[in-house]
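model_7.csv, holding CSV, N, CA and C atoms and all ligand atoms:
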chain,number,residue,atom,x,y,z
A,1,MET,N,82.8,123.3,202.6
A,1,MET,CA,83.5,123.4,201.3
A,1,MET,C,82.6,122.7,200.2
A,2,GLN,N,82.6,123.3,199.1
A,2,GLN,CA,81.8,122.8,197.9
A,2,GLN,C,82.4,121.4,197.5
A,3,GLN,N,81.5,120.5,197.2
A,3,GLN,CA,82.0,119.2,196.7
A,3,GLN,C,82.5,119.3,195.3
A,4,VAL,N,83.6,118.6,195.1
A,4,VAL,CA,84.3,118.6,193.8
A,4,VAL,C,84.3,117.2,193.2
A,5,GLU,N,84.1,117.1,191.9
A,5,GLU,CA,84.1,115.8,191.2
A,5,GLU,C,85.1,115.9,190.1
A,6,ARG,N,85.9,114.8,189.9
A,6,ARG,CA,86.8,114.7,188.8
A,6,ARG,C,86.3,113.9,187.7
A,7,PHE,N,86.6,114.3,186.4
A,7,PHE,CA,86.1,113.6,185.2
A,7,PHE,C,87.2,113.7,184.2
A,8,GLY,N,87.2,112.7,183.3
A,8,GLY,CA,88.2,112.6,182.2
A,8,GLY,C,87.6,113.2,180.9
A,9,VAL,N,88.5,113.9,180.1
A,9,VAL,CA,88.1,114.5,178.9
A,9,VAL,C,89.0,114.0,177.8
A,10,SER,N,88.5,113.5,176.7
A,10,SER,CA,89.3,113.1,175.5
A,10,SER,C,89.3,114.2,174.5
A,11,MET,N,90.5,114.6,174.0
A,11,MET,CA,90.5,115.6,172.9
A,11,MET,C,91.8,115.4,172.0
A,12,PRO,N,91.8,115.8,170.8
A,12,PRO,CA,92.9,115.7,169.9
A,12,PRO,C,94.1,116.4,170.6
A,13,THR,N,95.3,115.7,170.4
A,13,THR,CA,96.5,116.2,171.1
A,13,THR,C,96.9,117.7,170.7
A,14,ASP,N,96.7,118.0,169.4
A,14,ASP,CA,97.0,119.4,169.0
A,14,ASP,C,96.1,120.4,169.6
A,15,LEU,N,94.8,120.0,169.7
A,15,LEU,CA,93.8,120.9,170.3
A,15,LEU,C,94.1,121.1,171.8
A,16,LEU,N,94.6,120.1,172.5
A,16,LEU,CA,94.9,120.2,173.9
A,16,LEU,C,96.2,121.1,174.1
A,17,ALA,N,97.1,121.0,173.1
A,17,ALA,CA,98.3,121.8,173.2
A,17,ALA,C,98.0,123.3,173.0
A,18,ARG,N,97.0,123.6,172.1
A,18,ARG,CA,96.6,124.9,171.9
A,18,ARG,C,95.8,125.5,173.1
A,19,LEU,N,95.0,124.6,173.7
A,19,LEU,CA,94.3,125.0,174.9
A,19,LEU,C,95.3,125.4,176.0
A,20,ASP,N,96.3,124.5,176.2
A,20,ASP,CA,97.3,124.8,177.2
A,20,ASP,C,98.1,126.1,177.0
A,21,GLU,N,98.4,126.4,175.7
A,21,GLU,CA,99.1,127.6,175.4
A,21,GLU,C,98.2,128.8,175.7
A,22,ALA,N,96.9,128.7,175.3
A,22,ALA,CA,96.0,129.8,175.5
A,22,ALA,C,95.7,130.1,177.0
A,23,ILE,N,95.5,129.1,177.8
A,23,ILE,CA,95.2,129.3,179.2
A,23,ILE,C,96.5,129.8,179.9
A,24,ALA,N,97.7,129.4,179.5
A,24,ALA,CA,98.9,129.9,180.1
A,24,ALA,C,99.0,131.4,179.8
A,25,GLU,N,98.7,131.8,178.6
A,25,GLU,CA,98.8,133.2,178.2
A,25,GLU,C,97.8,134.0,179.0
A,26,ALA,N,96.6,133.4,179.3
A,26,ALA,CA,95.6,134.1,180.0
A,26,ALA,C,95.9,134.2,181.5
A,27,GLY,N,96.9,133.4,181.9
A,27,GLY,CA,97.3,133.5,183.3
A,27,GLY,C,96.7,132.4,184.3
A,28,TYR,N,96.1,131.4,183.7
A,28,TYR,CA,95.6,130.4,184.5
A,28,TYR,C,96.7,129.5,185.0
A,29,LYS,N,96.6,129.0,186.2
A,29,LYS,CA,97.6,128.2,186.8
A,29,LYS,C,97.5,126.7,186.4
A,30,ASN,N,96.2,126.3,186.1
A,30,ASN,CA,96.0,124.9,185.6
A,30,ASN,C,94.8,124.8,184.8
A,31,ARG,N,94.6,123.6,184.1
A,31,ARG,CA,93.5,123.4,183.2
A,31,ARG,C,92.2,123.5,183.9
A,32,SER,N,92.1,122.9,185.1
A,32,SER,CA,90.8,122.8,185.8
A,32,SER,C,90.2,124.2,186.1
A,33,GLU,N,91.1,125.1,186.5
A,33,GLU,CA,90.6,126.5,186.7
A,33,GLU,C,90.1,127.1,185.5
A,34,ALA,N,90.8,127.0,184.4
A,34,ALA,CA,90.3,127.5,183.1
A,34,ALA,C,89.0,126.9,182.6
A,35,ILE,N,88.9,125.6,182.7
A,35,ILE,CA,87.8,124.9,182.2
A,35,ILE,C,86.5,125.2,183.1
A,36,ARG,N,86.7,125.4,184.4
A,36,ARG,CA,85.6,125.8,185.2
A,36,ARG,C,85.0,127.2,184.8
A,37,ASP,N,85.9,128.1,184.5
A,37,ASP,CA,85.5,129.4,184.0
A,37,ASP,C,84.8,129.3,182.6
A,38,MET,N,85.3,128.5,181.7
A,38,MET,CA,84.6,128.3,180.4
A,38,MET,C,83.2,127.7,180.6
A,39,VAL,N,83.1,126.8,181.5
A,39,VAL,CA,81.8,126.1,181.8
A,39,VAL,C,80.8,127.2,182.3
A,40,ARG,N,81.3,128.0,183.3
A,40,ARG,CA,80.4,129.0,183.8
A,40,ARG,C,79.9,130.0,182.7
A,41,ASP,N,80.9,130.4,181.9
A,41,ASP,CA,80.5,131.3,180.8
A,41,ASP,C,79.5,130.7,179.9
A,42,TYR,N,79.7,129.4,179.5
A,42,TYR,CA,78.7,128.7,178.7
A,42,TYR,C,77.3,128.7,179.3
A,43,LEU,N,77.3,128.4,180.6
A,43,LEU,CA,76.0,128.3,181.3
A,43,LEU,C,75.3,129.6,181.4
A,44,VAL,N,76.0,130.7,181.6
A,44,VAL,CA,75.4,132.1,181.6
A,44,VAL,C,74.8,132.4,180.3
A,45,ARG,N,75.6,132.2,179.2
A,45,ARG,CA,75.1,132.5,177.8
A,45,ARG,C,73.9,131.7,177.5
A,46,ARG,N,73.9,130.4,177.9
A,46,ARG,CA,72.8,129.5,177.6
A,46,ARG,C,71.5,130.0,178.3
A,47,GLN,N,71.6,130.5,179.5
A,47,GLN,CA,70.5,131.0,180.2
A,47,GLN,C,69.8,132.1,179.5
A,48,TRP,N,70.6,133.0,178.9
A,48,TRP,CA,70.2,134.2,178.2
A,48,TRP,C,69.4,133.8,176.9
A,49,ASP,N,69.9,132.7,176.3
A,49,ASP,CA,69.2,132.2,175.0
A,49,ASP,C,67.9,131.6,175.3
A,50,ASP,N,67.5,131.3,176.5
A,50,ASP,CA,66.3,130.6,176.8
A,50,ASP,C,65.0,131.4,176.7
A,51,SER,N,65.1,132.6,176.1
A,51,SER,CA,64.0,133.6,176.1
A,51,SER,C,62.9,133.1,175.2
A,52,ALA,N,61.6,133.5,175.6
A,52,ALA,CA,60.4,133.2,174.8
A,52,ALA,C,60.2,134.3,173.7
A,53,GLU,N,61.0,135.4,173.8
A,53,GLU,CA,60.9,136.5,172.9
A,53,GLU,C,61.4,136.0,171.5
A,54,GLU,N,60.8,136.7,170.4
A,54,GLU,CA,61.3,136.3,169.1
A,54,GLU,C,62.6,137.0,168.8
A,55,VAL,N,63.5,136.2,168.2
A,55,VAL,CA,64.8,136.7,167.8
A,55,VAL,C,65.1,136.4,166.4
A,56,VAL,N,66.0,137.1,165.8
A,56,VAL,CA,66.6,136.7,164.5
A,56,VAL,C,68.1,136.6,164.7
A,57,GLY,N,68.7,135.8,163.8
A,57,GLY,CA,70.1,135.6,164.0
A,57,GLY,C,70.7,134.7,162.9
A,58,ALA,N,71.9,134.3,163.2
A,58,ALA,CA,72.7,133.4,162.2
A,58,ALA,C,73.5,132.4,163.0
A,59,VAL,N,73.4,131.2,162.5
A,59,VAL,CA,74.3,130.1,163.0
A,59,VAL,C,75.4,129.9,162.0
A,60,THR,N,76.6,130.1,162.3
A,60,THR,CA,77.7,129.9,161.4
A,60,THR,C,78.5,128.7,161.8
A,61,ILE,N,78.7,127.8,160.9
A,61,ILE,CA,79.4,126.5,161.2
A,61,ILE,C,80.5,126.2,160.2
A,62,SER,N,81.6,125.7,160.6
A,62,SER,CA,82.6,125.2,159.6
A,62,SER,C,82.8,123.7,159.9
A,63,TYR,N,82.9,123.0,158.8
A,63,TYR,CA,83.0,121.5,158.9
A,63,TYR,C,83.7,120.9,157.8
A,64,ASP,N,84.1,119.6,158.0
A,64,ASP,CA,84.8,118.8,157.0
A,64,ASP,C,83.7,118.0,156.3
A,65,HIS,N,83.5,118.3,155.0
A,65,HIS,CA,82.4,117.6,154.3
A,65,HIS,C,82.7,116.1,154.0
A,66,HIS,N,83.9,115.7,154.3
A,66,HIS,CA,84.3,114.3,154.1
A,66,HIS,C,83.9,113.4,155.3
A,67,CYS,N,83.6,114.1,156.4
A,67,CYS,CA,83.2,113.3,157.6
A,67,CYS,C,81.9,112.6,157.3
A,68,PRO,N,81.9,111.3,157.6
A,68,PRO,CA,80.7,110.5,157.3
A,68,PRO,C,79.4,111.1,157.8
A,69,GLU,N,78.4,111.2,156.9
A,69,GLU,CA,77.0,111.6,157.2
A,69,GLU,C,76.9,113.1,157.7
A,70,VAL,N,77.9,113.9,157.7
A,70,VAL,CA,77.8,115.2,158.2
A,70,VAL,C,76.8,116.0,157.4
A,71,LEU,N,76.9,115.9,156.0
A,71,LEU,CA,76.0,116.7,155.2
A,71,LEU,C,74.5,116.3,155.4
A,72,CYS,N,74.3,115.0,155.5
A,72,CYS,CA,73.0,114.4,155.6
A,72,CYS,C,72.4,114.9,157.0
A,73,LYS,N,73.2,114.9,158.0
A,73,LYS,CA,72.7,115.3,159.3
A,73,LYS,C,72.4,116.8,159.4
A,74,LEU,N,73.2,117.6,158.8
A,74,LEU,CA,73.0,119.0,158.8
A,74,LEU,C,71.7,119.4,158.0
A,75,THR,N,71.5,118.7,156.9
A,75,THR,CA,70.3,119.0,156.1
A,75,THR,C,69.0,118.5,156.8
A,76,SER,N,69.1,117.3,157.4
A,76,SER,CA,67.9,116.7,158.1
A,76,SER,C,67.5,117.6,159.2
A,77,LEU,N,68.5,118.1,160.0
A,77,LEU,CA,68.2,118.9,161.2
A,77,LEU,C,67.5,120.3,160.7
A,78,GLN,N,68.0,120.8,159.6
A,78,GLN,CA,67.5,122.1,159.1
A,78,GLN,C,66.0,121.9,158.6
A,79,HIS,N,65.8,120.7,158.0
A,79,HIS,CA,64.4,120.4,157.5
A,79,HIS,C,63.5,120.2,158.7
A,80,HIS,N,64.0,119.6,159.8
A,80,HIS,CA,63.2,119.3,161.0
A,80,HIS,C,62.8,120.7,161.7
A,81,HIS,N,63.7,121.7,161.5
A,81,HIS,CA,63.4,123.0,162.1
A,81,HIS,C,63.1,124.0,161.0
A,82,GLY,N,62.3,123.5,160.0
A,82,GLY,CA,62.0,124.3,158.8
A,82,GLY,C,61.4,125.7,159.0
A,83,ALA,N,60.6,125.7,160.1
A,83,ALA,CA,59.9,127.0,160.4
A,83,ALA,C,60.8,128.0,161.0
A,84,THR,N,62.0,127.6,161.5
A,84,THR,CA,62.9,128.5,162.1
A,84,THR,C,64.0,128.9,161.1
A,85,VAL,N,64.3,128.1,160.1
A,85,VAL,CA,65.3,128.4,159.2
A,85,VAL,C,64.8,129.3,158.0
A,86,LEU,N,65.4,130.5,157.9
A,86,LEU,CA,64.9,131.4,156.8
A,86,LEU,C,65.7,131.1,155.5
A,87,CYS,N,67.0,130.9,155.6
A,87,CYS,CA,67.8,130.5,154.4
A,87,CYS,C,69.2,130.1,154.9
A,88,SER,N,70.0,129.5,154.0
A,88,SER,CA,71.3,129.2,154.4
A,88,SER,C,72.3,129.4,153.2
A,89,THR,N,73.5,129.7,153.5
A,89,THR,CA,74.5,129.9,152.5
A,89,THR,C,75.7,129.0,152.7
A,90,HIS,N,76.2,128.4,151.7
A,90,HIS,CA,77.3,127.4,151.8
A,90,HIS,C,78.5,127.8,150.9
A,91,ILE,N,79.6,127.9,151.6
A,91,ILE,CA,80.8,128.3,150.8
A,91,ILE,C,81.9,127.1,150.9
A,92,HIS,N,82.5,126.7,149.8
A,92,HIS,CA,83.5,125.7,149.8
A,92,HIS,C,84.8,126.4,150.1
A,93,LEU,N,85.4,126.2,151.3
A,93,LEU,CA,86.6,126.9,151.7
A,93,LEU,C,87.8,126.3,151.0
A,94,ASP,N,88.0,125.0,151.0
A,94,ASP,CA,89.1,124.3,150.4
A,94,ASP,C,88.6,122.9,150.0
A,95,HIS,N,89.5,122.0,149.7
A,95,HIS,CA,89.2,120.7,149.3
A,95,HIS,C,88.3,120.0,150.4
A,96,HIS,N,88.6,120.2,151.7
A,96,HIS,CA,87.9,119.5,152.7
A,96,HIS,C,86.8,120.3,153.4
A,97,HIS,N,87.1,121.6,153.6
A,97,HIS,CA,86.3,122.4,154.5
A,97,HIS,C,85.2,123.3,153.9
A,98,CYS,N,84.1,123.3,154.6
A,98,CYS,CA,82.9,124.2,154.1
A,98,CYS,C,82.6,125.1,155.3
A,99,LEU,N,82.0,126.3,154.9
A,99,LEU,CA,81.5,127.2,155.8
A,99,LEU,C,80.0,127.4,155.5
A,100,GLU,N,79.2,127.3,156.5
A,100,GLU,CA,77.7,127.4,156.2
A,100,GLU,C,77.2,128.4,157.2
A,101,THR,N,76.3,129.3,156.7
A,101,THR,CA,75.6,130.3,157.6
A,101,THR,C,74.1,130.0,157.4
A,102,VAL,N,73.4,129.8,158.5
A,102,VAL,CA,72.0,129.5,158.5
A,102,VAL,C,71.3,130.7,159.2
A,103,VAL,N,70.5,131.4,158.5
A,103,VAL,CA,69.8,132.6,159.0
A,103,VAL,C,68.5,132.1,159.6
A,104,VAL,N,68.3,132.5,160.9
A,104,VAL,CA,67.2,131.9,161.7
A,104,VAL,C,66.3,133.0,162.3
A,105,ARG,N,65.0,132.5,162.5
A,105,ARG,CA,64.1,133.4,163.2
A,105,ARG,C,63.1,132.5,164.0
A,106,GLY,N,62.9,132.9,165.3
A,106,GLY,CA,62.1,132.1,166.2
A,106,GLY,C,62.3,132.6,167.6
A,107,THR,N,61.7,131.9,168.6
A,107,THR,CA,61.9,132.2,170.0
A,107,THR,C,63.4,131.9,170.3
A,108,GLY,N,63.9,132.6,171.4
A,108,GLY,CA,65.3,132.3,171.8
A,108,GLY,C,65.5,130.8,172.0
A,109,MET,N,64.5,130.2,172.5
A,109,MET,CA,64.6,128.7,172.8
A,109,MET,C,64.7,127.9,171.5
A,110,GLN,N,63.9,128.2,170.5
A,110,GLN,CA,63.9,127.5,169.2
A,110,GLN,C,65.2,127.7,168.5
A,111,VAL,N,65.7,128.9,168.5
A,111,VAL,CA,66.9,129.2,167.8
A,111,VAL,C,68.1,128.6,168.5
A,112,ARG,N,68.1,128.6,169.8
A,112,ARG,CA,69.2,127.9,170.5
A,112,ARG,C,69.2,126.4,170.3
A,113,THR,N,68.0,125.8,170.3
A,113,THR,CA,67.9,124.4,170.1
A,113,THR,C,68.5,124.0,168.8
A,114,LEU,N,68.1,124.7,167.7
A,114,LEU,CA,68.7,124.4,166.4
A,114,LEU,C,70.2,124.7,166.4
A,115,ALA,N,70.6,125.8,166.9
A,115,ALA,CA,72.1,126.1,166.9
A,115,ALA,C,72.9,125.0,167.6
A,116,GLU,N,72.4,124.6,168.8
A,116,GLU,CA,73.1,123.5,169.5
A,116,GLU,C,73.1,122.2,168.7
A,117,GLY,N,72.0,121.9,168.1
A,117,GLY,CA,71.9,120.7,167.3
A,117,GLY,C,72.9,120.7,166.2
A,118,LEU,N,73.1,121.8,165.5
A,118,LEU,CA,74.0,121.9,164.3
A,118,LEU,C,75.4,121.9,164.8
A,119,LEU,N,75.7,122.6,165.9
A,119,LEU,CA,77.1,122.6,166.4
A,119,LEU,C,77.6,121.3,167.0
A,120,SER,N,76.7,120.5,167.5
A,120,SER,CA,77.1,119.2,168.1
A,120,SER,C,77.2,118.1,167.1
A,121,ILE,N,76.9,118.3,165.8
A,121,ILE,CA,77.0,117.2,164.9
A,121,ILE,C,78.5,116.9,164.7
A,122,ARG,N,78.8,115.6,164.6
A,122,ARG,CA,80.2,115.1,164.5
A,122,ARG,C,80.7,115.6,163.1
A,123,GLY,N,81.8,116.2,163.1
A,123,GLY,CA,82.4,116.7,161.9
A,123,GLY,C,82.3,118.3,161.8
A,124,VAL,N,81.4,118.8,162.6
A,124,VAL,CA,81.3,120.3,162.7
A,124,VAL,C,82.5,120.7,163.7
A,125,LYS,N,83.4,121.5,163.2
A,125,LYS,CA,84.6,121.8,164.0
A,125,LYS,C,84.5,123.1,164.8
A,126,HIS,N,83.8,124.0,164.2
A,126,HIS,CA,83.7,125.3,165.0
A,126,HIS,C,82.4,126.0,164.5
A,127,GLY,N,82.0,127.0,165.3
A,127,GLY,CA,80.8,127.8,164.9
A,127,GLY,C,80.3,128.6,166.1
A,128,GLY,N,79.1,129.2,165.8
A,128,GLY,CA,78.5,130.0,166.9
A,128,GLY,C,77.2,130.5,166.4
A,129,LEU,N,76.5,131.1,167.4
A,129,LEU,CA,75.2,131.7,167.1
A,129,LEU,C,75.3,133.1,167.5
A,130,THR,N,74.8,134.0,166.6
A,130,THR,CA,74.7,135.4,166.9
A,130,THR,C,73.2,135.8,166.8
A,131,ILE,N,72.6,136.4,167.8
A,131,ILE,CA,71.2,136.8,167.7
A,131,ILE,C,71.0,138.2,168.1
A,132,THR,N,69.8,138.7,167.6
A,132,THR,CA,69.4,140.1,168.0
A,132,THR,C,67.9,140.0,168.1
A,133,ALA,N,67.3,141.1,168.7
A,133,ALA,CA,65.8,141.1,168.8
A,133,ALA,C,65.2,141.2,167.5
A,134,ALA,N,64.1,140.5,167.2
A,134,ALA,CA,63.4,140.5,165.9
A,134,ALA,C,62.8,141.9,165.6
A,135,ASP,N,62.5,142.7,166.7
A,135,ASP,CA,61.9,144.0,166.4
A,135,ASP,C,62.9,145.1,166.2
A,136,GLY,N,64.2,144.7,166.1
A,136,GLY,CA,65.2,145.6,165.7
A,136,GLY,C,65.7,146.5,166.9
A,137,LEU,N,65.1,146.3,168.1
A,137,LEU,CA,65.4,147.0,169.4
A,137,LEU,C,64.9,148.4,169.4
A,201,NI,NI,81.4,122.8,150.6
Could the structure of this file be written out as structure tokens, please?
Amino acid sequence: MQQVERFGVSMPTDLLARLDEAIAEAGYKNRSEAIRDMVRDYLVRRQWDDSAEEVVGAVTISYDHHCPEVLCKLTSLQHHHGATVLCSTHIHLDHHHCLETVVVRGTGMQVRTLAEGLLSIRGVKHGGLTITAADGL
């Protein structure tokens, strides 16, 4: 039998309530089963992004610009990956929230590294990376 390890996860109460609702709707019997599937899905997609082929794409992120240092960190990271960033668009959604789309070009690995860096900055609430082949397929 495969060895199993238990670990604790902290998350906002309302986010956990929404997760419980979604996994119940999807038919999962418990959180562990649902989270295992989410982790597998994440690992499969990550493997695909590790390509050395050139890709183009967009990283879309939403964040609260009042969160300490979020703007500074987002800008610094984009400058650090200046050769991968083609342009970015910023939209002020409401008093607190911003939506930013960063258009990128590079190897799958370069693009994924930048996307993960942006998405993991504290204050970034949601987002994702969409890519396609640079030669248009
Ligand atoms: Ni804004």
For ligand NI 201 (chain A), collect every residue having any atom at a distance of at most 6.5 Å from a ligand atom (counting all atoms listed in the file); output as a JSON list (two decimals) with N, CA and C atoms, in the frame of the given file.
[["chain", "number", "residue", "atom", "x", "y", "z"],
["A", 65, "HIS", "N", 83.50, 118.30, 155.00],
["A", 65, "HIS", "CA", 82.40, 117.60, 154.30],
["A", 65, "HIS", "C", 82.70, 116.10, 154.00],
["A", 90, "HIS", "N", 76.20, 128.40, 151.70],
["A", 90, "HIS", "CA", 77.30, 127.40, 151.80],
["A", 90, "HIS", "C", 78.50, 127.80, 150.90],
["A", 91, "ILE", "N", 79.60, 127.90, 151.60],
["A", 91, "ILE", "CA", 80.80, 128.30, 150.80],
["A", 91, "ILE", "C", 81.90, 127.10, 150.90],
["A", 92, "HIS", "N", 82.50, 126.70, 149.80],
["A", 92, "HIS", "CA", 83.50, 125.70, 149.80],
["A", 92, "HIS", "C", 84.80, 126.40, 150.10],
["A", 93, "LEU", "N", 85.40, 126.20, 151.30],
["A", 93, "LEU", "CA", 86.60, 126.90, 151.70],
["A", 93, "LEU", "C", 87.80, 126.30, 151.00],
["A", 97, "HIS", "N", 87.10, 121.60, 153.60],
["A", 97, "HIS", "CA", 86.30, 122.40, 154.50],
["A", 97, "HIS", "C", 85.20, 123.30, 153.90],
["A", 98, "CYS", "N", 84.10, 123.30, 154.60],
["A", 98, "CYS", "CA", 82.90, 124.20, 154.10],
["A", 98, "CYS", "C", 82.60, 125.10, 155.30],
["A", 99, "LEU", "N", 82.00, 126.30, 154.90],
["A", 99, "LEU", "CA", 81.50, 127.20, 155.80],
["A", 99, "LEU", "C", 80.00, 127.40, 155.50]]
Checklist line | Counting all atoms listed in the file, the residue of A:Glu5, A:Glu21, A:Val56, A:Val70 that sits nearest Thr130 in chain A | finding: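 Smallest distance to Thr130 in chain A is found for A:Val56.
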Notebook entry, point to check: Near Thr132 in chain A, within 12 Å and counting only C-alpha atoms, which residues show up once chain neighbours fewer than 6 positions away are dropped, as a PyMOL selection string?
Noted result: chain A and resi 48-49+51+53-58+103-108+111
Export of prior selection with N, CA and C atoms as an mmCIF file, in the coordinates of the input:
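Output below, filename part_22.cif:
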data_model
loop_
_atom_site.group_PDB
_atom_site.id
_atom_site.type_symbol
_atom_site.label_atom_id
_atom_site.label_comp_id
_atom_site.auth_asym_id
_atom_site.auth_seq_id
_atom_site.Cartn_x
_atom_site.Cartn_y
_atom_site.Cartn_z
ATOM 1 N N TRP A 48 70.600 133.000 178.900
ATOM 2 C CA TRP A 48 70.200 134.200 178.200
ATOM 3 C C TRP A 48 69.400 133.800 176.900
ATOM 4 N N ASP A 49 69.900 132.700 176.300
ATOM 5 C CA ASP A 49 69.200 132.200 175.000
ATOM 6 C C ASP A 49 67.900 131.600 175.300
ATOM 7 N N SER A 51 65.100 132.600 176.100
ATOM 8 C CA SER A 51 64.000 133.600 176.100
ATOM 9 C C SER A 51 62.900 133.100 175.200
ATOM 10 N N GLU A 53 61.000 135.400 173.800
ATOM 11 C CA GLU A 53 60.900 136.500 172.900
ATOM 12 C C GLU A 53 61.400 136.000 171.500
ATOM 13 N N GLU A 54 60.800 136.700 170.400
ATOM 14 C CA GLU A 54 61.300 136.300 169.100
ATOM 15 C C GLU A 54 62.600 137.000 168.800
ATOM 16 N N VAL A 55 63.500 136.200 168.200
ATOM 17 C CA VAL A 55 64.800 136.700 167.800
ATOM 18 C C VAL A 55 65.100 136.400 166.400
ATOM 19 N N VAL A 56 66.000 137.100 165.800
ATOM 20 C CA VAL A 56 66.600 136.700 164.500
ATOM 21 C C VAL A 56 68.100 136.600 164.700
ATOM 22 N N GLY A 57 68.700 135.800 163.800
ATOM 23 C CA GLY A 57 70.100 135.600 164.000
ATOM 24 C C GLY A 57 70.700 134.700 162.900
ATOM 25 N N ALA A 58 71.900 134.300 163.200
ATOM 26 C CA ALA A 58 72.700 133.400 162.200
ATOM 27 C C ALA A 58 73.500 132.400 163.000
ATOM 28 N N VAL A 103 70.500 131.400 158.500
ATOM 29 C CA VAL A 103 69.800 132.600 159.000
ATOM 30 C C VAL A 103 68.500 132.100 159.600
ATOM 31 N N VAL A 104 68.300 132.500 160.900
ATOM 32 C CA VAL A 104 67.200 131.900 161.700
ATOM 33 C C VAL A 104 66.300 133.000 162.300
ATOM 34 N N ARG A 105 65.000 132.500 162.500
ATOM 35 C CA ARG A 105 64.100 133.400 163.200
ATOM 36 C C ARG A 105 63.100 132.500 164.000
ATOM 37 N N GLY A 106 62.900 132.900 165.300
ATOM 38 C CA GLY A 106 62.100 132.100 166.200
ATOM 39 C C GLY A 106 62.300 132.600 167.600
ATOM 40 N N THR A 107 61.700 131.900 168.600
ATOM 41 C CA THR A 107 61.900 132.200 170.000
ATOM 42 C C THR A 107 63.400 131.900 170.300
ATOM 43 N N GLY A 108 63.900 132.600 171.400
ATOM 44 C CA GLY A 108 65.300 132.300 171.800
ATOM 45 C C GLY A 108 65.500 130.800 172.000
ATOM 46 N N VAL A 111 65.700 128.900 168.500
ATOM 47 C CA VAL A 111 66.900 129.200 167.800
ATOM 48 C C VAL A 111 68.100 128.600 168.500
#
Check: Which distance in Å separates CA of Arg31 in chain A and CA of Leu19 in chain A, to one decimal?
Finding: 8.5 Å
Margin query: Given only N, CA and C atoms as the basis, pick out the residue of A:Gly128, A:Gly123, A:Pro12, A:Gly27 nearest to Pro68 in chain A.
Written below: A:Gly123
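You can rank A:Ser32, A:Ala26, A:Asp41, A:Ile61 by their closest distance to Leu118 in chain A using all atoms listed in the file, and at the top of that list sits A:Ile61.
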Checklist line | One-decimal distance in Å that lies between atom N of Ala52 in chain A and CA of Val39 in chain A | finding: 22.4 Å
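The residues of range 9-99 of chain A that DSSP assigns to strand (DSSP E) on this backbone come out as Glu54, Val55, Val56, Gly57, Ala58, Val59, Thr60, Ile61, Ser62, Tyr63, Asp64, Val85, Leu86, Cys87, Ser88, Thr89, His90, Ile91, His92, His97, Cys98 and Leu99 of chain A.
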Item checked: Selection: 6.5 Å around Leu129 in chain A, all atoms listed in the file, excl. self and same-chain fewer than 4 positions, as a PyMOL selection string -> chain A and resi 58-60+115
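Between atom N of Ser10 in chain A and CA of Leu77 in chain A there is a distance of 26.1 Å.
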Check: Where in chain A does DSSP assign helix (DSSP H, G or I), given as a ChimeraX atom specification?
Finding: /A:13-26,31-49,70-80,108-119
Note to self: My list of candidates is A:Ile121, A:Val102, A:Ala133, A:Ile35. Which is closest to Leu86 in chain A when distances are computed with all atoms listed in the file?
What the structure shows: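 Checking each candidate against Leu86 in chain A, we get A:Val102 as the closest.
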Next item on the list: Just the residues within 6.5 Å of Lys125 in chain A, please, counting all atoms listed in the file, with nothing from its chain fewer than 5 positions along; format it as a PyMOL selection string.
Entry: chain A and resi 61-64
Give me range 62-70 of chain A with N, CA, C and O atoms filled in, as a short mmCIF file (atom, residue, chain, number, x, y, z; two decimals), in the coordinates of the input.
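Written file, out35.cif:
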data_model
loop_
_atom_site.label_atom_id
_atom_site.label_comp_id
_atom_site.auth_asym_id
_atom_site.auth_seq_id
_atom_site.Cartn_x
_atom_site.Cartn_y
_atom_site.Cartn_z
N SER A 62 81.60 125.70 160.60
CA SER A 62 82.60 125.20 159.60
C SER A 62 82.80 123.70 159.90
O SER A 62 82.70 123.23 161.02
N TYR A 63 82.90 123.00 158.80
CA TYR A 63 83.00 121.50 158.90
C TYR A 63 83.70 120.90 157.80
O TYR A 63 83.96 121.50 156.72
N ASP A 64 84.10 119.60 158.00
CA ASP A 64 84.80 118.80 157.00
C ASP A 64 83.70 118.00 156.30
O ASP A 64 83.15 117.10 156.89
N HIS A 65 83.50 118.30 155.00
CA HIS A 65 82.40 117.60 154.30
C HIS A 65 82.70 116.10 154.00
O HIS A 65 81.80 115.36 153.64
N HIS A 66 83.90 115.70 154.30
CA HIS A 66 84.30 114.30 154.10
C HIS A 66 83.90 113.40 155.30
O HIS A 66 83.92 112.20 155.23
N CYS A 67 83.60 114.10 156.40
CA CYS A 67 83.20 113.30 157.60
C CYS A 67 81.90 112.60 157.30
O CYS A 67 80.95 113.16 156.81
N PRO A 68 81.90 111.30 157.60
CA PRO A 68 80.70 110.50 157.30
C PRO A 68 79.40 111.10 157.80
O PRO A 68 79.27 111.43 158.98
N GLU A 69 78.40 111.20 156.90
CA GLU A 69 77.00 111.60 157.20
C GLU A 69 76.90 113.10 157.70
O GLU A 69 75.76 113.46 158.03
N VAL A 70 77.90 113.90 157.70
CA VAL A 70 77.80 115.20 158.20
C VAL A 70 76.80 116.00 157.40
O VAL A 70 75.93 116.74 157.93
#
